[in-house]
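Enquirer: My file is coords.txt. It has compact mmCIF, C-alpha atoms:
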# COMPACT_ATOMS: atom_id res chain seq x y z
CA MET A 1 -28.24 4.46 70.97
CA ALA A 2 -28.46 7.77 72.82
CA THR A 3 -24.65 8.17 72.81
CA SER A 4 -24.09 7.22 69.16
CA ASP A 5 -24.00 9.56 66.18
CA PHE A 6 -25.44 6.74 64.05
CA TRP A 7 -28.93 5.27 64.03
CA ASN A 8 -27.56 1.87 63.02
CA PRO A 9 -23.78 1.80 63.56
CA LYS A 10 -23.55 -1.83 62.40
CA THR A 11 -24.59 -1.05 58.83
CA GLU A 12 -23.54 2.59 58.57
CA LEU A 13 -19.95 1.64 59.44
CA LEU A 14 -19.93 -1.73 57.67
CA ASP A 15 -16.77 -2.63 55.78
CA ARG A 16 -17.23 -1.72 52.11
CA GLU A 17 -16.54 -5.25 50.86
CA GLN A 18 -19.04 -6.70 53.34
CA LEU A 19 -21.59 -4.08 52.32
CA ARG A 20 -21.30 -5.04 48.65
CA ALA A 21 -21.71 -8.71 49.54
CA LEU A 22 -24.83 -7.87 51.56
CA GLN A 23 -26.29 -5.90 48.64
CA LEU A 24 -25.65 -8.74 46.19
CA THR A 25 -27.30 -11.29 48.47
CA LYS A 26 -30.34 -9.05 48.89
CA LEU A 27 -30.52 -8.43 45.15
CA GLN A 28 -30.42 -12.17 44.39
CA ARG A 29 -33.34 -12.73 46.75
CA LEU A 30 -35.25 -9.76 45.35
CA VAL A 31 -35.06 -10.79 41.69
CA ALA A 32 -36.08 -14.36 42.58
CA TRP A 33 -39.04 -13.02 44.58
CA ALA A 34 -40.12 -10.67 41.77
CA ASP A 35 -39.77 -13.35 39.10
CA ALA A 36 -41.89 -15.79 41.09
CA ARG A 37 -44.65 -13.42 42.19
CA SER A 38 -44.85 -10.31 39.97
CA PRO A 39 -46.46 -10.83 36.53
CA PHE A 40 -44.71 -7.72 35.25
CA TYR A 41 -41.20 -8.77 36.24
CA LYS A 42 -41.70 -12.35 35.09
CA ALA A 43 -42.56 -11.08 31.60
CA SER A 44 -39.88 -8.36 31.64
CA PHE A 45 -37.14 -10.78 32.67
CA ALA A 46 -38.23 -13.27 30.00
CA ARG A 47 -38.13 -10.62 27.26
CA ALA A 48 -34.61 -9.65 28.32
CA GLY A 49 -33.46 -13.26 28.44
CA PHE A 50 -32.67 -12.93 32.14
CA ALA A 51 -33.21 -15.62 34.78
CA PRO A 52 -32.56 -15.02 38.50
CA GLU A 53 -30.04 -17.86 38.68
CA GLN A 54 -27.84 -15.93 36.23
CA LEU A 55 -27.14 -13.29 38.88
CA LYS A 56 -23.98 -14.74 40.39
CA SER A 57 -21.78 -11.65 40.79
CA TRP A 58 -21.84 -7.86 40.44
CA ALA A 59 -20.78 -8.26 36.83
CA ASP A 60 -24.19 -9.81 36.11
CA ILE A 61 -26.28 -6.85 37.25
CA ASP A 62 -26.46 -5.47 33.70
CA ARG A 63 -28.36 -8.61 32.69
CA ILE A 64 -31.34 -7.28 34.67
CA PRO A 65 -33.56 -5.06 32.48
CA PHE A 66 -34.35 -1.49 33.47
CA LEU A 67 -37.80 -0.48 34.68
CA THR A 68 -39.12 2.85 33.37
CA ARG A 69 -41.94 5.07 34.48
CA ASP A 70 -43.60 4.67 31.09
CA GLU A 71 -43.65 0.89 31.56
CA TRP A 72 -45.16 1.23 35.02
CA MET A 73 -47.80 3.62 33.70
CA ALA A 74 -48.62 1.32 30.77
CA SER A 75 -49.03 -1.58 33.17
CA GLN A 76 -51.49 0.46 35.26
CA GLU A 77 -53.49 1.34 32.16
CA ALA A 78 -53.54 -2.23 30.88
CA VAL A 79 -54.48 -3.76 34.25
CA PRO A 80 -56.11 -0.99 36.32
CA PRO A 81 -55.83 0.33 38.90
CA PHE A 82 -52.44 -0.95 40.14
CA GLY A 83 -50.92 -2.75 37.17
CA GLU A 84 -48.92 -5.96 37.26
CA LEU A 85 -45.90 -4.89 39.30
CA PRO A 86 -47.39 -5.82 42.72
CA VAL A 87 -46.70 -9.33 44.01
CA ALA A 88 -50.08 -9.38 45.80
CA GLY A 89 -53.47 -7.73 45.57
CA ALA A 90 -54.74 -4.63 47.33
CA GLU A 91 -56.18 -6.83 50.10
CA SER A 92 -52.60 -7.33 51.35
CA ALA A 93 -51.93 -3.59 51.58
CA ILE A 94 -52.78 -1.04 54.26
CA ARG A 95 -51.81 2.17 52.41
CA LEU A 96 -52.10 3.66 48.94
CA HIS A 97 -50.05 6.64 47.80
CA THR A 98 -49.68 8.37 44.46
CA THR A 99 -47.06 10.53 42.82
CA SER A 100 -47.53 14.29 42.93
CA GLY A 101 -48.45 14.46 39.26
CA THR A 102 -45.58 16.76 38.25
CA SER A 103 -45.07 14.73 35.07
CA GLY A 104 -47.53 12.59 33.17
CA LYS A 105 -51.32 12.87 33.14
CA THR A 106 -51.99 10.00 35.51
CA PRO A 107 -50.09 9.59 38.78
CA LEU A 108 -48.42 6.33 39.66
CA ARG A 109 -50.28 4.35 42.30
CA ALA A 110 -48.17 2.54 44.86
CA LEU A 111 -49.34 0.12 47.54
CA ASP A 112 -47.70 -0.49 50.92
CA THR A 113 -48.06 -3.26 53.47
CA ARG A 114 -47.65 -2.82 57.20
CA ARG A 115 -44.09 -4.14 56.85
CA ASP A 116 -43.33 -1.67 54.07
CA TRP A 117 -44.52 1.23 56.14
CA LYS A 118 -42.36 0.26 59.12
CA TRP A 119 -39.41 0.13 56.75
CA SER A 120 -40.21 3.62 55.44
CA SER A 121 -40.07 4.98 58.99
CA GLU A 122 -36.74 3.24 59.54
CA MET A 123 -35.21 5.00 56.53
CA TRP A 124 -36.28 8.37 57.89
CA SER A 125 -34.88 7.43 61.29
CA TYR A 126 -31.43 6.95 59.71
CA ALA A 127 -31.68 10.48 58.32
CA LEU A 128 -33.18 12.30 61.29
CA TRP A 129 -30.74 10.77 63.75
CA GLY A 130 -27.85 11.59 61.42
CA MET A 131 -29.00 15.22 61.34
CA GLY A 132 -28.89 15.40 65.11
CA VAL A 133 -32.63 15.15 65.80
CA ARG A 134 -33.22 13.51 69.19
CA PRO A 135 -36.16 12.44 71.42
CA ALA A 136 -36.08 15.76 73.27
CA ASP A 137 -36.90 17.69 70.08
CA ILE A 138 -40.27 19.17 69.17
CA ALA A 139 -40.77 18.73 65.44
CA TYR A 140 -43.24 20.49 63.15
CA VAL A 141 -44.16 19.03 59.76
CA ALA A 142 -45.22 22.02 57.64
CA PHE A 143 -47.12 20.02 55.08
CA GLY A 144 -50.70 19.21 54.10
CA TYR A 145 -51.03 15.43 54.27
CA GLY A 146 -52.76 13.71 51.37
CA SER A 147 -52.38 10.84 48.92
CA PHE A 148 -48.96 12.15 47.86
CA ILE A 149 -46.26 10.35 49.84
CA GLY A 150 -44.47 13.53 50.89
CA PHE A 151 -43.50 13.65 54.60
CA TRP A 152 -45.76 10.79 55.71
CA GLY A 153 -42.67 8.69 56.35
CA LEU A 154 -40.87 11.58 58.02
CA HIS A 155 -43.77 11.98 60.45
CA ASN A 156 -43.57 8.31 61.40
CA GLY A 157 -39.78 8.46 61.60
CA LEU A 158 -39.96 11.37 64.04
CA GLU A 159 -42.33 9.37 66.20
CA LYS A 160 -40.07 6.32 65.97
CA ILE A 161 -37.05 8.15 67.38
CA GLY A 162 -39.24 9.61 70.11
CA ALA A 163 -39.54 13.27 69.11
CA LEU A 164 -42.77 15.14 69.87
CA THR A 165 -44.32 15.45 66.40
CA ILE A 166 -46.81 18.10 65.29
CA PRO A 167 -48.55 17.69 61.91
CA GLY A 168 -49.09 21.01 60.12
CA GLY A 169 -52.09 19.70 58.19
CA ALA A 170 -54.30 21.81 55.95
CA GLN A 171 -53.70 25.25 57.44
CA THR A 172 -52.70 28.67 56.25
CA THR A 173 -49.05 29.62 56.29
CA ALA A 174 -49.74 32.16 59.01
CA ALA A 175 -51.39 29.53 61.21
CA ARG A 176 -48.43 27.21 60.77
CA VAL A 177 -45.93 29.92 61.68
CA LYS A 178 -47.90 30.73 64.83
CA GLN A 179 -47.93 27.07 65.86
CA ILE A 180 -44.19 26.72 65.27
CA MET A 181 -43.60 29.67 67.58
CA ASP A 182 -46.30 28.85 70.15
CA PHE A 183 -45.16 25.24 70.61
CA GLY A 184 -41.47 26.11 70.85
CA CYS A 185 -40.58 23.84 67.93
CA THR A 186 -36.93 22.94 67.50
CA VAL A 187 -37.18 21.08 64.17
CA VAL A 188 -39.21 22.09 61.09
CA ALA A 189 -39.69 19.99 57.95
CA SER A 190 -40.82 21.39 54.60
CA THR A 191 -39.85 21.82 50.97
CA PRO A 192 -37.08 24.40 50.39
CA THR A 193 -39.49 26.76 48.67
CA TYR A 194 -41.97 26.56 51.53
CA ALA A 195 -39.24 27.12 54.12
CA LEU A 196 -38.62 30.47 52.43
CA ARG A 197 -42.36 31.18 52.38
CA LEU A 198 -42.66 30.42 56.10
CA ALA A 199 -39.80 32.79 56.81
CA GLN A 200 -41.46 35.56 54.79
CA GLU A 201 -44.71 35.05 56.68
CA ALA A 202 -42.93 35.03 60.03
CA GLU A 203 -41.33 38.37 59.24
CA ALA A 204 -44.71 39.81 58.19
CA LEU A 205 -46.22 38.61 61.48
CA GLY A 206 -43.41 40.14 63.50
CA PHE A 207 -41.78 36.89 64.67
CA ASP A 208 -38.02 36.67 65.10
CA LEU A 209 -37.16 33.29 63.61
CA LYS A 210 -33.42 33.76 64.05
CA ASN A 211 -33.81 33.78 67.83
CA SER A 212 -36.49 31.08 67.99
CA PRO A 213 -35.80 27.57 69.35
CA VAL A 214 -35.67 26.11 65.81
CA HIS A 215 -32.20 24.65 65.25
CA THR A 216 -32.86 22.27 62.33
CA VAL A 217 -34.80 22.60 59.07
CA VAL A 218 -35.29 19.30 57.21
CA LEU A 219 -35.67 19.86 53.47
CA SER A 220 -37.15 17.48 50.91
CA GLY A 221 -39.22 17.42 47.74
CA GLU A 222 -37.13 19.67 45.48
CA PRO A 223 -33.60 19.74 44.07
CA ALA A 224 -33.45 23.27 45.53
CA GLY A 225 -32.65 21.65 48.88
CA SER A 226 -29.12 21.02 47.68
CA ILE A 227 -28.49 24.38 45.99
CA PRO A 228 -25.89 26.11 48.22
CA GLU A 229 -27.35 29.58 47.69
CA THR A 230 -30.87 28.43 48.58
CA LYS A 231 -29.65 26.55 51.66
CA ALA A 232 -27.61 29.57 52.78
CA LEU A 233 -30.63 31.87 52.40
CA ILE A 234 -32.88 29.54 54.41
CA GLU A 235 -30.26 29.22 57.13
CA SER A 236 -29.84 32.99 57.34
CA LEU A 237 -33.61 33.55 57.62
CA TRP A 238 -34.20 30.78 60.17
CA GLY A 239 -30.96 30.99 62.15
CA ALA A 240 -30.86 27.19 61.87
CA LYS A 241 -29.02 24.44 60.01
CA THR A 242 -30.63 22.93 56.93
CA TYR A 243 -30.29 19.32 55.81
CA ASP A 244 -31.21 17.89 52.44
CA THR A 245 -33.05 14.62 51.82
CA ALA A 246 -34.67 13.03 48.78
CA GLY A 247 -37.26 10.31 48.35
CA MET A 248 -39.85 9.17 45.88
CA THR A 249 -43.27 7.57 45.85
CA GLU A 250 -41.89 4.67 43.85
CA VAL A 251 -39.84 3.51 46.87
CA SER A 252 -42.25 4.95 49.50
CA THR A 253 -39.49 6.74 51.41
CA ILE A 254 -36.12 8.49 51.22
CA PHE A 255 -32.99 6.91 49.79
CA MET A 256 -30.40 9.53 50.83
CA PHE A 257 -29.81 12.16 53.49
CA GLU A 258 -27.34 14.89 54.41
CA PRO A 259 -25.91 14.26 57.89
CA ALA A 260 -24.89 16.92 60.37
CA ASP A 261 -21.18 16.17 59.95
CA GLN A 262 -21.02 16.05 56.15
CA PRO A 263 -22.64 19.14 54.59
CA GLY A 264 -22.74 19.30 50.80
CA GLY A 265 -23.11 15.59 50.20
CA CYS A 266 -25.94 13.14 50.82
CA HIS A 267 -25.23 9.58 51.95
CA ILE A 268 -27.09 6.84 50.07
CA ILE A 269 -28.69 4.37 52.48
CA GLU A 270 -26.78 1.54 50.87
CA ASP A 271 -27.80 -1.34 53.10
CA HIS A 272 -31.34 -0.84 51.74
CA PHE A 273 -30.69 0.45 48.20
CA ILE A 274 -28.48 -0.13 45.20
CA GLU A 275 -28.01 3.18 43.43
CA GLN A 276 -26.39 3.25 39.99
CA VAL A 277 -25.58 6.23 37.78
CA VAL A 278 -25.93 5.62 34.04
CA TYR A 279 -25.44 7.53 30.83
CA PRO A 280 -29.01 8.58 29.87
CA GLU A 281 -28.64 7.81 26.17
CA THR A 282 -27.14 4.32 26.46
CA GLY A 283 -27.85 3.07 29.99
CA ALA A 284 -24.15 2.28 30.49
CA GLU A 285 -22.99 2.71 34.08
CA LEU A 286 -20.80 5.75 34.73
CA PRO A 287 -17.79 5.97 37.06
CA TYR A 288 -17.59 8.10 40.19
CA GLY A 289 -17.63 11.84 39.60
CA GLU A 290 -19.61 11.90 36.34
CA ALA A 291 -23.12 13.29 36.09
CA GLY A 292 -25.78 10.89 34.89
CA GLU A 293 -29.21 9.39 35.46
CA ARG A 294 -29.94 7.77 38.78
CA VAL A 295 -31.11 4.13 38.70
CA CYS A 296 -32.66 2.78 41.89
CA THR A 297 -33.12 -0.72 43.28
CA SER A 298 -34.96 -0.90 46.61
CA PHE A 299 -34.89 -3.76 49.10
CA GLY A 300 -37.61 -2.38 51.36
CA ARG A 301 -41.00 -2.29 49.68
CA SER A 302 -42.15 -5.89 49.51
CA ILE A 303 -45.49 -5.62 47.70
CA VAL A 304 -44.22 -3.53 44.76
CA PRO A 305 -40.63 -4.57 43.94
CA LEU A 306 -38.49 -1.81 42.45
CA ILE A 307 -35.57 -3.17 40.43
CA ARG A 308 -33.26 -1.03 38.27
CA TYR A 309 -35.77 1.83 38.05
CA ARG A 310 -34.73 4.72 35.81
CA THR A 311 -35.66 7.78 37.86
CA ALA A 312 -34.64 10.60 35.45
CA ASP A 313 -32.89 12.25 38.43
CA LEU A 314 -29.56 13.85 37.56
CA VAL A 315 -26.84 12.98 40.08
CA VAL A 316 -23.08 12.71 40.63
CA LYS A 317 -21.97 9.81 42.83
CA VAL A 318 -18.76 10.04 44.84
CA PRO A 319 -17.13 7.31 46.96
CA SER A 320 -17.64 6.90 50.69
CA THR A 321 -14.10 8.20 51.24
CA PHE A 322 -15.44 11.62 50.22
CA ALA A 323 -16.94 11.77 53.73
CA SER A 324 -15.02 12.22 56.96
CA ASN A 325 -17.69 10.97 59.36
CA GLY A 326 -16.88 7.25 59.23
CA ARG A 327 -19.87 6.09 57.20
CA THR A 328 -18.94 3.66 54.47
CA TRP A 329 -21.88 4.57 52.25
CA ASP A 330 -21.33 6.37 48.95
CA LEU A 331 -22.74 9.86 48.49
CA TYR A 332 -24.48 11.98 45.91
CA GLU A 333 -22.41 15.14 45.74
CA GLY A 334 -24.79 18.09 45.92
CA GLY A 335 -27.79 15.76 46.32
CA ILE A 336 -30.20 15.65 43.38
CA ILE A 337 -28.84 18.09 40.82
CA GLY A 338 -32.06 18.20 38.81
CA ARG A 339 -33.85 16.15 36.19
CA VAL A 340 -32.23 14.65 33.13
CA ASP A 341 -34.80 16.45 30.96
CA ASP A 342 -34.58 19.77 32.88
CA MET A 343 -32.01 21.34 30.60
CA LYS A 344 -33.37 23.84 28.09
CA LEU A 345 -31.53 25.01 24.98
CA VAL A 346 -31.97 28.74 24.38
CA ARG A 347 -30.15 30.29 21.41
CA GLY A 348 -27.47 27.61 21.60
CA THR A 349 -26.94 27.93 25.38
CA ASN A 350 -27.80 25.27 27.95
CA VAL A 351 -30.03 26.63 30.71
CA TYR A 352 -30.60 24.65 33.91
CA PRO A 353 -33.33 25.83 36.33
CA ARG A 354 -31.05 24.88 39.25
CA ALA A 355 -28.33 27.25 38.02
CA VAL A 356 -30.82 30.09 37.56
CA GLU A 357 -32.14 29.60 41.10
CA GLY A 358 -28.60 29.61 42.46
CA ILE A 359 -28.11 33.08 40.97
CA VAL A 360 -31.51 34.41 42.03
CA ARG A 361 -30.98 33.34 45.66
CA ASN A 362 -27.93 35.57 45.85
CA PHE A 363 -30.42 38.46 46.00
CA PRO A 364 -32.38 38.08 49.29
CA VAL A 365 -34.77 40.91 48.34
CA ILE A 366 -36.30 38.62 45.67
CA GLU A 367 -39.26 36.90 47.27
CA GLU A 368 -40.38 34.74 44.33
CA PHE A 369 -39.63 34.23 40.64
CA GLN A 370 -40.75 32.48 37.47
CA LEU A 371 -38.87 31.54 34.32
CA ARG A 372 -40.55 31.71 30.91
CA ILE A 373 -39.15 30.61 27.54
CA SER A 374 -40.92 31.70 24.36
CA ARG A 375 -40.28 31.98 20.65
CA GLU A 376 -40.57 35.39 19.03
CA GLY A 377 -40.53 34.74 15.28
CA ILE A 378 -37.39 32.67 14.76
CA ARG A 379 -35.71 33.84 17.98
CA ASP A 380 -35.98 32.21 21.39
CA GLU A 381 -36.41 34.52 24.37
CA ILE A 382 -35.95 33.70 28.03
CA THR A 383 -37.61 35.89 30.64
CA LEU A 384 -37.07 35.95 34.38
CA ILE A 385 -40.14 37.31 36.16
CA VAL A 386 -39.12 38.63 39.56
CA GLU A 387 -41.22 39.59 42.55
CA PRO A 388 -39.07 41.75 44.83
CA ALA A 389 -39.90 42.66 48.39
CA ALA A 390 -42.44 45.46 48.81
CA THR A 391 -39.69 47.68 50.27
CA VAL A 392 -37.78 47.75 46.95
CA THR A 393 -38.07 51.23 45.40
CA ASP A 394 -37.94 52.05 41.70
CA ALA A 395 -34.31 53.12 42.11
CA ASP A 396 -33.53 49.91 43.97
CA TRP A 397 -35.22 47.92 41.21
CA ALA A 398 -33.09 49.52 38.50
CA SER A 399 -29.92 48.47 40.34
CA LEU A 400 -31.31 45.01 41.08
CA GLU A 401 -32.35 44.46 37.47
CA ALA A 402 -28.92 45.43 36.18
CA ALA A 403 -27.03 43.28 38.68
CA LEU A 404 -29.30 40.30 38.14
CA GLY A 405 -29.07 40.56 34.36
CA LYS A 406 -25.28 40.70 34.51
CA GLU A 407 -24.97 37.64 36.77
CA LEU A 408 -27.37 35.62 34.63
CA ALA A 409 -25.48 36.51 31.45
CA ASP A 410 -22.10 35.81 33.05
CA GLY A 411 -23.37 32.42 34.18
CA HIS A 412 -24.83 31.50 30.78
CA GLU A 413 -22.18 32.30 28.17
CA GLY A 414 -23.46 35.83 27.65
CA LEU A 415 -27.09 34.81 27.06
CA ARG A 416 -29.35 37.82 27.62
CA PHE A 417 -32.28 37.25 29.97
CA LEU A 418 -35.24 39.61 29.79
CA ILE A 419 -36.20 40.62 33.32
CA GLU A 420 -39.70 41.67 34.34
CA ARG A 421 -40.89 43.02 37.67
CA ALA A 422 -44.00 41.40 39.10
CA PRO A 423 -46.29 43.16 41.61
CA ALA A 424 -46.09 42.16 45.26
CA ASP A 425 -47.82 38.85 46.08
CA SER A 426 -48.64 38.19 42.42
CA LEU A 427 -46.52 35.11 41.75
CA PRO A 428 -47.61 31.67 42.95
CA ARG A 429 -46.38 30.27 46.25
CA PHE A 430 -45.71 26.58 46.66
CA GLU A 431 -46.08 24.19 49.56
CA LEU A 432 -45.27 21.17 47.42
CA LYS A 433 -42.81 20.99 44.53
CA ALA A 434 -42.32 24.41 43.01
CA LYS A 435 -43.18 24.85 39.32
CA ARG A 436 -41.25 27.88 38.13
CA LEU A 437 -40.40 27.05 34.51
CA THR A 438 -42.79 27.46 31.57
CA ASP A 439 -41.61 26.64 28.05
CA LEU A 440 -44.07 28.15 25.57
CA ARG A 441 -42.16 27.16 22.43
CA THR A 442 -43.91 24.93 19.90
CA ALA A 443 -42.28 21.68 18.88
So, in terms of structure tokens, how does the structure I just supplied come out?
Expert:
Amino acid sequence: MATSDFWNPKTELLDREQLRALQLTKLQRLVAWADARSPFYKASFARAGFAPEQLKSWADIDRIPFLTRDEWMASQEAVPPFGELPVAGAESAIRLHTTSGTSGKTPLRALDTRRDWKWSSEMWSYALWGMGVRPADIAYVAFGYGSFIGFWGLHNGLEKIGALTIPGGAQTTAARVKQIMDFGCTVVASTPTYALRLAQEAEALGFDLKNSPVHTVVLSGEPAGSIPETKALIESLWGAKTYDTAGMTEVSTIFMFEPADQPGGCHIIEDHFIEQVVYPETGAELPYGEAGERVCTSFGRSIVPLIRYRTADLVVKVPSTFASNGRTWDLYEGGIIGRVDDMKLVRGTNVYPRAVEGIVRNFPVIEEFQLRISREGIRDEITLIVEPAATVTDADWASLEAALGKELADGHEGLRFLIERAPADSLPRFELKAKRLTDLRTA
């Protein structure tokens, strides 16, 4: 293992035809298991006129009904607290995690067994090893652990591969920076937004991150981790390589990762997941290269089966031949692009938060920003609220405002953005998923 670039060479290099056969076999077992033991799936399959024995080939996968978040939430409300998706009661579980609450009033509640949790660590081991993390590394998890799933699995994955692992816990940003430097950490894990915040704090404290031992920054929790401009800014501030990952509470772990030898694309862990991309309006599967909604089937979590789950993530899948590292797994080009419902229409122009961030990150003097959409009479207005570094003078601001306004307009079919300057340290900072967009328009 120590001499291989792959955590599991057998499956990461598996012939594509054999991989598809393995996935189909696992899927057949999964739907039979769910039909026999999950009240939700038994009823859902019956309503769709689907029976497990009908799944004979890949052409039959469309017979299986989708699972939506709304359905999961409704099941929780009808049969609290966990709904009817689980195949066993809470007495069979050892962990409970919830979603971060970024959408919906009530978070999803997901149970895990001891077996499920070992599997979660294995998925992170694929990723960490593929990024070049090794037992000799000292890894710092800059995250406050709680009921949200974020980075729990990463912590266990680091331990599994043998790296010395330091939990950041509930500390101030300054305290975390000091620990990273004091302990000689070589790997740091955080959200993209918080990686930038840590770098700002390190500069304020007088630490030279670029010449620190940190060589790898593991990013997760936000689509920003795959935005080239954001990644480039983090790398320049840390003097380290950044690698994107993405996971979700619904599967308890990550489903894709960016390896050291394939920047710009994230391999799907296909021996443990079936990932489809569908047209959001119809649910029809899309070919390679077209943007659509990600649909996830997981083979790992045993107590809460996840079959054809509509995630609302916006992705573009490309074939395994897109990579040059030998892995036969397909990739998501650019990782998670955003959310299907992220796009905002402003005066006839499509505005994507990811695209705005890509422009903002071209200006390193901007420390934080917010985006606000409002309606003034019959006219929509979009305002970018910018917090520049304290060193930016009034003259500097005038130049920055003009340059920023031009780039935003050029990137959005001439749409004029209003730009406001915020006082230093006035905009919110985020450790978890950043919330930078506010749409104040009435229905």
Enquirer: Would you list the contacts of Val386 of chain A as a PyMOL selection string, taking every protein, DNA or RNA residue within 7 Å and counting all atoms listed in the file, but skipping same-chain residues closer than 6 positions in sequence?
Expert: chain A and resi 366+368-370+420-422
Enquirer: Between A:Ala127, A:Val318, A:Val360, A:Ala110, single out the one closest to Thr230 of chain A, counting all atoms listed in the file.
Expert: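 Nearest to Thr230 of chain A: A:Val360.
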Enquirer: Report, in Å to a single decimal, how far apart atom CA of Pro223 of chain A and atom CA of Ser252 of chain A are.
Expert: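 Between these atoms lies a distance of 18.0 Å.
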Enquirer: Considering only C-alpha atoms, state which residue in the set A:Val133, A:Tyr279, A:Ala142, A:Val218 is at the smallest distance from Gln179 of chain A.
Expert: A:Ala142
Enquirer: Restricting the calculation to all atoms listed in the file: of A:Leu67, A:Ala323, A:Leu19, A:Ala59, which residue gets closest to Phe45 of chain A?
Expert: A:Leu67
Enquirer: Ranking A:Val214, A:Ala246, A:Ile307, A:Leu432 by minimum distance to Tyr145 of chain A and counting all atoms listed in the file, which one comes first?
Expert: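 Nearest to Tyr145 of chain A: A:Leu432.
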